[in-house]
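Q: Compact mmCIF, C-alpha atoms and all ligand atoms, file coords.txt:
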# COMPACT_ATOMS: atom_id res chain seq x y z
CA MET A 18 -38.65 16.04 6.95
CA LYS A 19 -39.75 15.39 3.35
CA ILE A 20 -38.84 18.36 1.20
CA THR A 21 -41.51 19.22 -1.35
CA ILE A 22 -41.04 22.63 -2.94
CA THR A 23 -42.11 21.25 -6.30
CA ASP A 24 -45.34 19.26 -6.69
CA ALA A 25 -44.69 15.70 -5.42
CA ARG A 26 -45.66 14.12 -8.78
CA VAL A 27 -43.32 16.42 -10.68
CA GLU A 28 -40.57 15.66 -8.17
CA LYS A 29 -41.08 11.90 -8.60
CA TYR A 30 -41.03 12.22 -12.38
CA PHE A 31 -37.91 14.38 -12.32
CA TYR A 32 -35.96 12.15 -9.93
CA GLY A 33 -36.95 9.17 -12.09
CA LEU A 34 -35.05 10.74 -14.98
CA LEU A 35 -31.73 10.88 -13.15
CA PRO A 36 -29.11 8.38 -14.29
CA ALA A 37 -28.01 5.69 -11.83
CA ARG A 38 -25.07 6.62 -9.64
CA ASP A 39 -21.93 4.50 -9.18
CA ALA A 40 -21.64 2.06 -6.27
CA VAL A 41 -19.97 4.55 -3.89
CA LEU A 42 -22.54 7.34 -4.31
CA LYS A 43 -25.37 4.78 -4.15
CA GLU A 44 -24.04 3.43 -0.87
CA MET A 45 -23.72 6.95 0.53
CA GLU A 46 -27.31 7.76 -0.49
CA ALA A 47 -28.49 4.59 1.27
CA LEU A 48 -26.51 5.42 4.42
CA ALA A 49 -27.91 8.98 4.40
CA ARG A 50 -31.48 7.66 4.07
CA LYS A 51 -30.98 5.11 6.84
CA ASN A 52 -29.32 7.52 9.29
CA ASP A 53 -31.15 10.74 8.36
CA ILE A 54 -27.99 12.45 7.12
CA PRO A 55 -29.12 15.52 5.14
CA ILE A 56 -27.05 15.21 1.94
CA VAL A 57 -27.81 17.23 -1.20
CA GLY A 58 -28.83 14.15 -3.18
CA PRO A 59 -28.27 13.42 -6.87
CA ALA A 60 -30.20 16.33 -8.44
CA VAL A 61 -28.24 18.99 -6.55
CA GLY A 62 -25.08 16.89 -6.89
CA ARG A 63 -25.45 17.18 -10.65
CA LEU A 64 -26.01 20.93 -10.41
CA LEU A 65 -22.81 21.29 -8.34
CA ALA A 66 -20.92 19.21 -10.90
CA MET A 67 -22.26 21.28 -13.79
CA LEU A 68 -21.33 24.57 -12.09
CA VAL A 69 -17.79 23.29 -11.57
CA MET A 70 -17.53 22.09 -15.18
CA ILE A 71 -18.87 25.25 -16.84
CA SER A 72 -16.88 27.60 -14.57
CA GLY A 73 -13.70 25.51 -14.73
CA ALA A 74 -13.39 25.78 -10.92
CA LYS A 75 -10.24 24.11 -9.60
CA ARG A 76 -9.85 25.53 -6.10
CA ILE A 77 -13.01 24.74 -4.15
CA PHE A 78 -13.95 25.18 -0.49
CA GLU A 79 -16.90 23.33 1.02
CA MET A 80 -18.46 24.45 4.31
CA GLY A 81 -20.39 21.57 5.90
CA SER A 82 -19.38 18.36 4.14
CA ALA A 83 -20.81 15.58 6.39
CA ILE A 84 -19.90 12.17 4.90
CA GLY A 85 -18.47 13.78 1.76
CA TYR A 86 -21.29 13.10 -0.73
CA SER A 87 -21.38 16.61 -2.21
CA THR A 88 -17.56 16.71 -1.98
CA ILE A 89 -17.34 13.72 -4.36
CA TRP A 90 -19.62 15.40 -6.92
CA LEU A 91 -17.45 18.55 -6.74
CA ALA A 92 -14.15 16.65 -6.87
CA ARG A 93 -15.07 14.43 -9.80
CA ALA A 94 -16.27 17.40 -11.85
CA ALA A 95 -13.18 19.48 -11.05
CA GLY A 96 -10.88 16.95 -12.70
CA ARG A 97 -7.08 16.95 -12.68
CA GLY A 98 -5.11 19.60 -10.83
CA ALA A 99 -8.04 20.49 -8.55
CA GLU A 100 -7.91 21.10 -4.81
CA ILE A 101 -11.10 20.67 -2.81
CA PHE A 102 -11.32 21.51 0.88
CA TYR A 103 -13.70 19.24 2.84
CA THR A 104 -14.71 20.79 6.19
CA ASP A 105 -16.97 19.46 8.91
CA GLY A 106 -17.20 19.81 12.68
CA ASN A 107 -17.73 16.12 13.31
CA PRO A 108 -14.58 13.91 13.24
CA ALA A 109 -16.67 10.74 12.80
CA ASN A 110 -18.09 12.21 9.57
CA ALA A 111 -14.60 13.02 8.36
CA GLU A 112 -13.44 9.47 9.02
CA LYS A 113 -16.32 8.04 6.96
CA ALA A 114 -15.75 10.63 4.24
CA CYS A 115 -12.04 9.72 3.91
CA ALA A 116 -12.91 6.08 3.32
CA TYR A 117 -15.45 7.08 0.64
CA PHE A 118 -12.93 9.45 -1.02
CA ARG A 119 -10.42 6.62 -1.36
CA ARG A 120 -13.03 4.31 -2.86
CA ALA A 121 -14.27 7.05 -5.22
CA GLY A 122 -10.71 7.66 -6.45
CA VAL A 123 -10.68 11.35 -5.43
CA ALA A 124 -8.74 11.27 -2.13
CA GLY A 125 -5.62 12.80 -3.72
CA LYS A 126 -7.28 16.13 -4.43
CA ILE A 127 -9.33 16.52 -1.25
CA ARG A 128 -7.92 18.28 1.82
CA VAL A 129 -9.83 17.12 4.88
CA ARG A 130 -10.18 19.65 7.72
CA VAL A 131 -12.16 19.07 10.92
CA GLY A 132 -13.54 22.02 12.87
CA ASP A 133 -15.76 25.04 12.40
CA SER A 134 -16.01 25.58 8.64
CA LEU A 135 -16.24 29.36 9.00
CA LYS A 136 -13.04 29.49 11.06
CA LEU A 137 -11.32 27.03 8.73
CA LEU A 138 -12.18 29.19 5.72
CA ARG A 139 -10.72 32.25 7.48
CA ARG A 140 -7.55 30.28 8.24
CA THR A 141 -7.03 28.71 4.80
CA PRO A 142 -4.92 31.02 2.64
CA GLY A 143 -5.64 31.98 -0.96
CA ARG A 144 -8.73 32.62 -3.04
CA PHE A 145 -11.29 30.13 -4.27
CA ASP A 146 -13.04 29.62 -7.59
CA LEU A 147 -16.11 28.15 -5.93
CA ILE A 148 -17.34 28.00 -2.32
CA PHE A 149 -20.25 25.72 -1.40
CA MET A 150 -22.05 26.41 1.89
CA ASP A 151 -24.17 23.78 3.68
CA VAL A 152 -23.52 24.47 7.40
CA ASP A 153 -26.08 25.08 10.16
CA LYS A 154 -28.58 27.51 8.76
CA HIS A 155 -28.36 30.22 11.44
CA GLN A 156 -24.74 30.64 10.30
CA TYR A 157 -25.61 31.50 6.69
CA PRO A 158 -25.30 35.32 7.04
CA ALA A 159 -21.92 34.96 8.79
CA GLY A 160 -20.83 32.35 6.22
CA LEU A 161 -21.67 34.75 3.40
CA ARG A 162 -19.74 37.58 5.07
CA ILE A 163 -16.64 35.41 5.50
CA ALA A 164 -16.81 33.71 2.10
CA LEU A 165 -17.28 36.75 -0.11
CA PRO A 166 -13.76 38.23 0.22
CA ARG A 167 -12.30 34.74 -0.27
CA LEU A 168 -13.87 34.23 -3.70
CA ARG A 169 -12.06 35.33 -6.81
CA SER A 170 -13.88 37.85 -8.92
CA GLY A 171 -16.20 35.88 -11.24
CA GLY A 172 -16.17 32.97 -8.78
CA LEU A 173 -19.29 31.15 -7.59
CA PHE A 174 -20.82 31.03 -4.12
CA VAL A 175 -23.35 28.20 -3.93
CA THR A 176 -25.66 27.61 -0.96
CA ASP A 177 -28.07 24.75 -0.25
CA ASN A 178 -31.50 24.78 1.47
CA THR A 179 -32.34 28.40 0.70
CA LEU A 180 -36.09 27.64 0.50
CA TRP A 181 -35.99 25.53 3.69
CA SER A 182 -39.06 23.43 2.86
CA GLY A 183 -40.98 26.66 2.25
CA ARG A 184 -40.54 27.90 5.83
CA VAL A 185 -38.80 31.02 4.47
CA THR A 186 -42.23 32.32 3.44
CA ARG A 187 -43.44 32.54 7.06
CA LYS A 188 -42.74 34.97 9.85
CA ALA A 189 -40.23 32.84 11.68
CA LYS A 190 -39.01 32.69 15.25
CA ASP A 191 -36.39 29.95 14.88
CA ALA A 192 -32.77 30.86 14.22
CA ALA A 193 -32.37 28.56 11.22
CA THR A 194 -35.26 30.03 9.19
CA ARG A 195 -34.30 33.57 10.17
CA GLY A 196 -30.72 32.90 9.13
CA ILE A 197 -31.81 31.76 5.68
CA GLN A 198 -34.26 34.66 5.28
CA GLU A 199 -31.51 37.13 6.12
CA PHE A 200 -29.10 35.33 3.79
CA ASN A 201 -31.63 35.51 0.93
CA ARG A 202 -32.22 39.23 1.51
CA ARG A 203 -28.49 39.95 1.65
CA THR A 204 -27.61 38.06 -1.51
CA TYR A 205 -30.35 39.76 -3.54
CA HIS A 206 -29.45 43.21 -2.15
CA SER A 207 -25.70 42.80 -2.59
CA LYS A 208 -23.99 44.92 -5.23
CA ALA A 209 -21.07 42.48 -5.19
CA LEU A 210 -23.12 39.44 -6.22
CA PHE A 211 -25.39 38.25 -9.02
CA PRO A 212 -27.63 35.67 -7.30
CA VAL A 213 -30.12 33.16 -8.70
CA LEU A 214 -32.23 31.08 -6.30
CA ILE A 215 -33.05 27.82 -8.08
CA PRO A 216 -36.10 25.98 -6.66
CA LEU A 217 -34.37 22.60 -7.06
CA ARG A 218 -34.99 20.18 -4.16
CA ASP A 219 -34.88 22.50 -1.09
CA GLY A 220 -33.65 25.57 -2.98
CA VAL A 221 -30.09 26.23 -4.12
CA THR A 222 -28.73 29.76 -4.48
CA VAL A 223 -25.99 30.28 -7.01
CA CYS A 224 -24.22 33.65 -6.76
CA GLN A 225 -21.53 34.93 -9.05
CA LYS A 226 -19.11 37.43 -7.53
CA LEU A 227 -19.05 40.50 -9.75
C1 LIG A 301 -26.39 19.31 5.58
S1 LIG A 301 -24.98 18.46 6.16
C2 LIG A 301 -23.85 18.55 4.82
C3 LIG A 301 -24.18 17.63 3.71
C4 LIG A 301 -23.18 17.66 2.57
N1 LIG A 301 -22.97 18.98 2.07
C5 LIG A 301 -23.68 16.75 1.45
O1 LIG A 301 -24.60 17.17 0.76
O2 LIG A 301 -23.17 15.65 1.28
C6 LIG A 301 -24.32 19.64 7.24
C7 LIG A 301 -23.03 19.23 7.91
O3 LIG A 301 -22.38 20.40 8.35
C8 LIG A 301 -21.83 20.20 9.60
N2 LIG A 301 -21.79 21.55 10.19
C9 LIG A 301 -22.81 22.38 10.47
N3 LIG A 301 -22.35 23.58 10.87
C10 LIG A 301 -21.00 23.50 10.83
C11 LIG A 301 -19.94 24.40 11.09
N4 LIG A 301 -20.17 25.63 11.48
N5 LIG A 301 -18.69 23.95 10.95
C12 LIG A 301 -18.43 22.69 10.55
N6 LIG A 301 -19.37 21.80 10.27
C13 LIG A 301 -20.64 22.20 10.41
C14 LIG A 301 -22.68 19.19 10.30
O4 LIG A 301 -21.88 18.43 11.17
C15 LIG A 301 -23.18 18.35 9.13
O5 LIG A 301 -22.37 17.23 8.96
In structure tokens, what does this structure look like?

A:
Amino acid sequence: MKITITDARVEKYFYGLLPARDAVLKEMEALARKNDIPIVGPAVGRLLAMLVMISGAKRIFEMGSAIGYSTIWLARAAGRGAEIFYTDGNPANAEKACAYFRRAGVAGKIRVRVGDSLKLLRRTPGRFDLIFMDVDKHQYPAGLRIALPRLRSGGLFVTDNTLWSGRVTRKAKDAATRGIQEFNRRTYHSKALFPVLIPLRDGVTVCQKL
């Protein structure tokens, strides 16, 4: 589905401003387009990179990594000494991602884990500077519950698709839309978080843990 939160002409103008990506990211974007793989794309990729750079995040956990496109944006921005956990339920995705990580020169700092991202986060010891969530949308409230205690104080919890092509505005029956609606309510009612929902692409919520 084409995501148009912003006016289509504004979106076209804005995407036209983005600098060209390197050969690896370009190839991943082409593969995602061809095979309908829902990656964050370059605008949100840049936002993730900027959040990592301004927060100085080094220990990062990603829930729902697919072919590793967003992982590469996170890993490149995190620089030396970083540790980024890639997690996805599909082993074929992980295999593709590993090949891209090697080509992108970031394989050394990425820990690849296959399985349920929520369970993997529970099982991975230590605290994180930044957690990025992009799993199935009905799991967003549970993902938030599990992620919050695993973030260091001042750390960032970033979540994609929080406007869900505008479907969040409707009375919804499907589990995905309901999951996002509940997630949005919880973040804005939480006393432990300072959230900002940015209407970039399909909506990205950035929460700082207080
Ligand atoms: C939207 S895609 C992730 C895209 C990726 N973040 C990017 O922008 O490059 C969602 C991925 O999460 C995986 N997924 C969904 N729910 C999951 C879960 N609970 N545990 C592990 N993987 C999950 C799917 O297999 C899919 O590959």

Q: Give the residue list for ligand LIG 301 (chain A) at 7 Å, counting all atoms listed in the file, as JSON, numbers by chain, sorted by chain and then by residue number.

A: {"A": [54, 55, 56, 57, 58, 80, 81, 82, 83, 84, 85, 86, 87, 88, 104, 105, 106, 107, 110, 132, 133, 134, 135, 151, 152, 153, 156]}

Q: As an MDAnalysis selection string, please: the residues near range 89-103 of chain A (cut-off 8 Å, all atoms listed in the file, same-chain neighbours under 2 positions excluded).

A: chainID A and resid 62:63 65:67 69:70 73:82 85:87 105 118 121 123 126:130

Q: Give the answer as one residue: which of A:Ala47, A:Ile197, A:Leu214, A:Leu147 has the shortest atom-to-atom distance to Lys226 in chain A, using only C-alpha atoms?

A: A:Leu147

Q: I need the residue nearest Ile163 in chain A from this list: A:Lys136, A:Arg50, A:Pro142, A:Asn178. Use only C-alpha atoms for the distance.

A: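 Nearest candidate to Ile163 in chain A out of A:Lys136, A:Arg50, A:Pro142, A:Asn178: A:Lys136.
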
Q: Provide the CA of Ala192 in chain A to CA of Ala164 in chain A distance in Å, to one decimal place.

A: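 Separating CA of Ala192 in chain A from CA of Ala164 in chain A is a distance of 20.2 Å.
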
Q: Point out the residue among A:Leu42, A:Leu180, A:Leu137, A:Leu35 with the least atom-to-atom distance to Gly220 in chain A, counting only C-alpha atoms.

A: A:Leu180

Q: Go ahead and compute the interatomic distance for CA of Val221 in chain A and CA of Arg195 in chain A, in Å to one decimal.

A: 16.6 Å

Q: Kindly indicate which residue among A:Gly125, A:Gly160, A:Gly172, A:Gly183 lies nearest to Arg144 in chain A, using only C-alpha atoms for the distances.

A: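 Ranked by minimum distance to Arg144 in chain A, first place goes to A:Gly172.
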
Q: Can you tell me which residues surround Ala37 in chain A at a distance of at most 12 Å, considering all atoms listed in the file, apart from same-chain residues fewer than 6 positions away, and format the answer as a PyMOL selection string?

A: chain A and resi 43-44+46+59-60+63

Q: Can those selected residues be exported to a file as a short mmCIF file (atom, residue, chain, number, x, y, z; two decimals), in the coordinates of the input so that it contains C-alpha atoms?

A:
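Saved the output as result.cif:
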data_model
loop_
_atom_site.label_atom_id
_atom_site.label_comp_id
_atom_site.auth_asym_id
_atom_site.auth_seq_id
_atom_site.Cartn_x
_atom_site.Cartn_y
_atom_site.Cartn_z
CA LYS A 43 -25.37 4.78 -4.15
CA GLU A 44 -24.04 3.43 -0.87
CA GLU A 46 -27.31 7.76 -0.49
CA PRO A 59 -28.27 13.42 -6.87
CA ALA A 60 -30.20 16.33 -8.44
CA ARG A 63 -25.45 17.18 -10.65
#

Q: Between CA of Ser182 in chain A and CA of Asp53 in chain A, what distance in Å does the model show, to one decimal?

A: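 The value is 15.9 Å.
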
Q: For Leu168 in chain A, which of A:Val185, A:Leu210, A:Ala193, A:Val131 is the closest residue, counting all atoms listed in the file?

A: A:Leu210

Q: Show which residues sit within 10 Å of Thr222 in chain A, as an NGL selection string. Count only C-alpha atoms, and ignore same-chain residues fewer than 3 positions away.

A: :A and (149-150 or 174-180 or 200-201 or 204 or 212-217 or 225)

Q: So, with all atoms listed in the file as the atoms that count, which of A:Lys154, A:Leu227, A:Phe211, A:Leu68 lies closest to Gln198 in chain A?

A: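 Ranked by minimum distance to Gln198 in chain A, first place goes to A:Lys154.
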
Q: Enclose range 116-127 of chain A, meaning all of its atoms listed in the file, in a box aligned along x, y and z, pad it by 5 Å on each side, and list the centre and edge lengths in Å to one decimal, as JSON.

A:
{"center_x": -10.5, "center_y": 10.4, "center_z": -1.6, "size_x": 19.8, "size_y": 22.2, "size_z": 19.8}
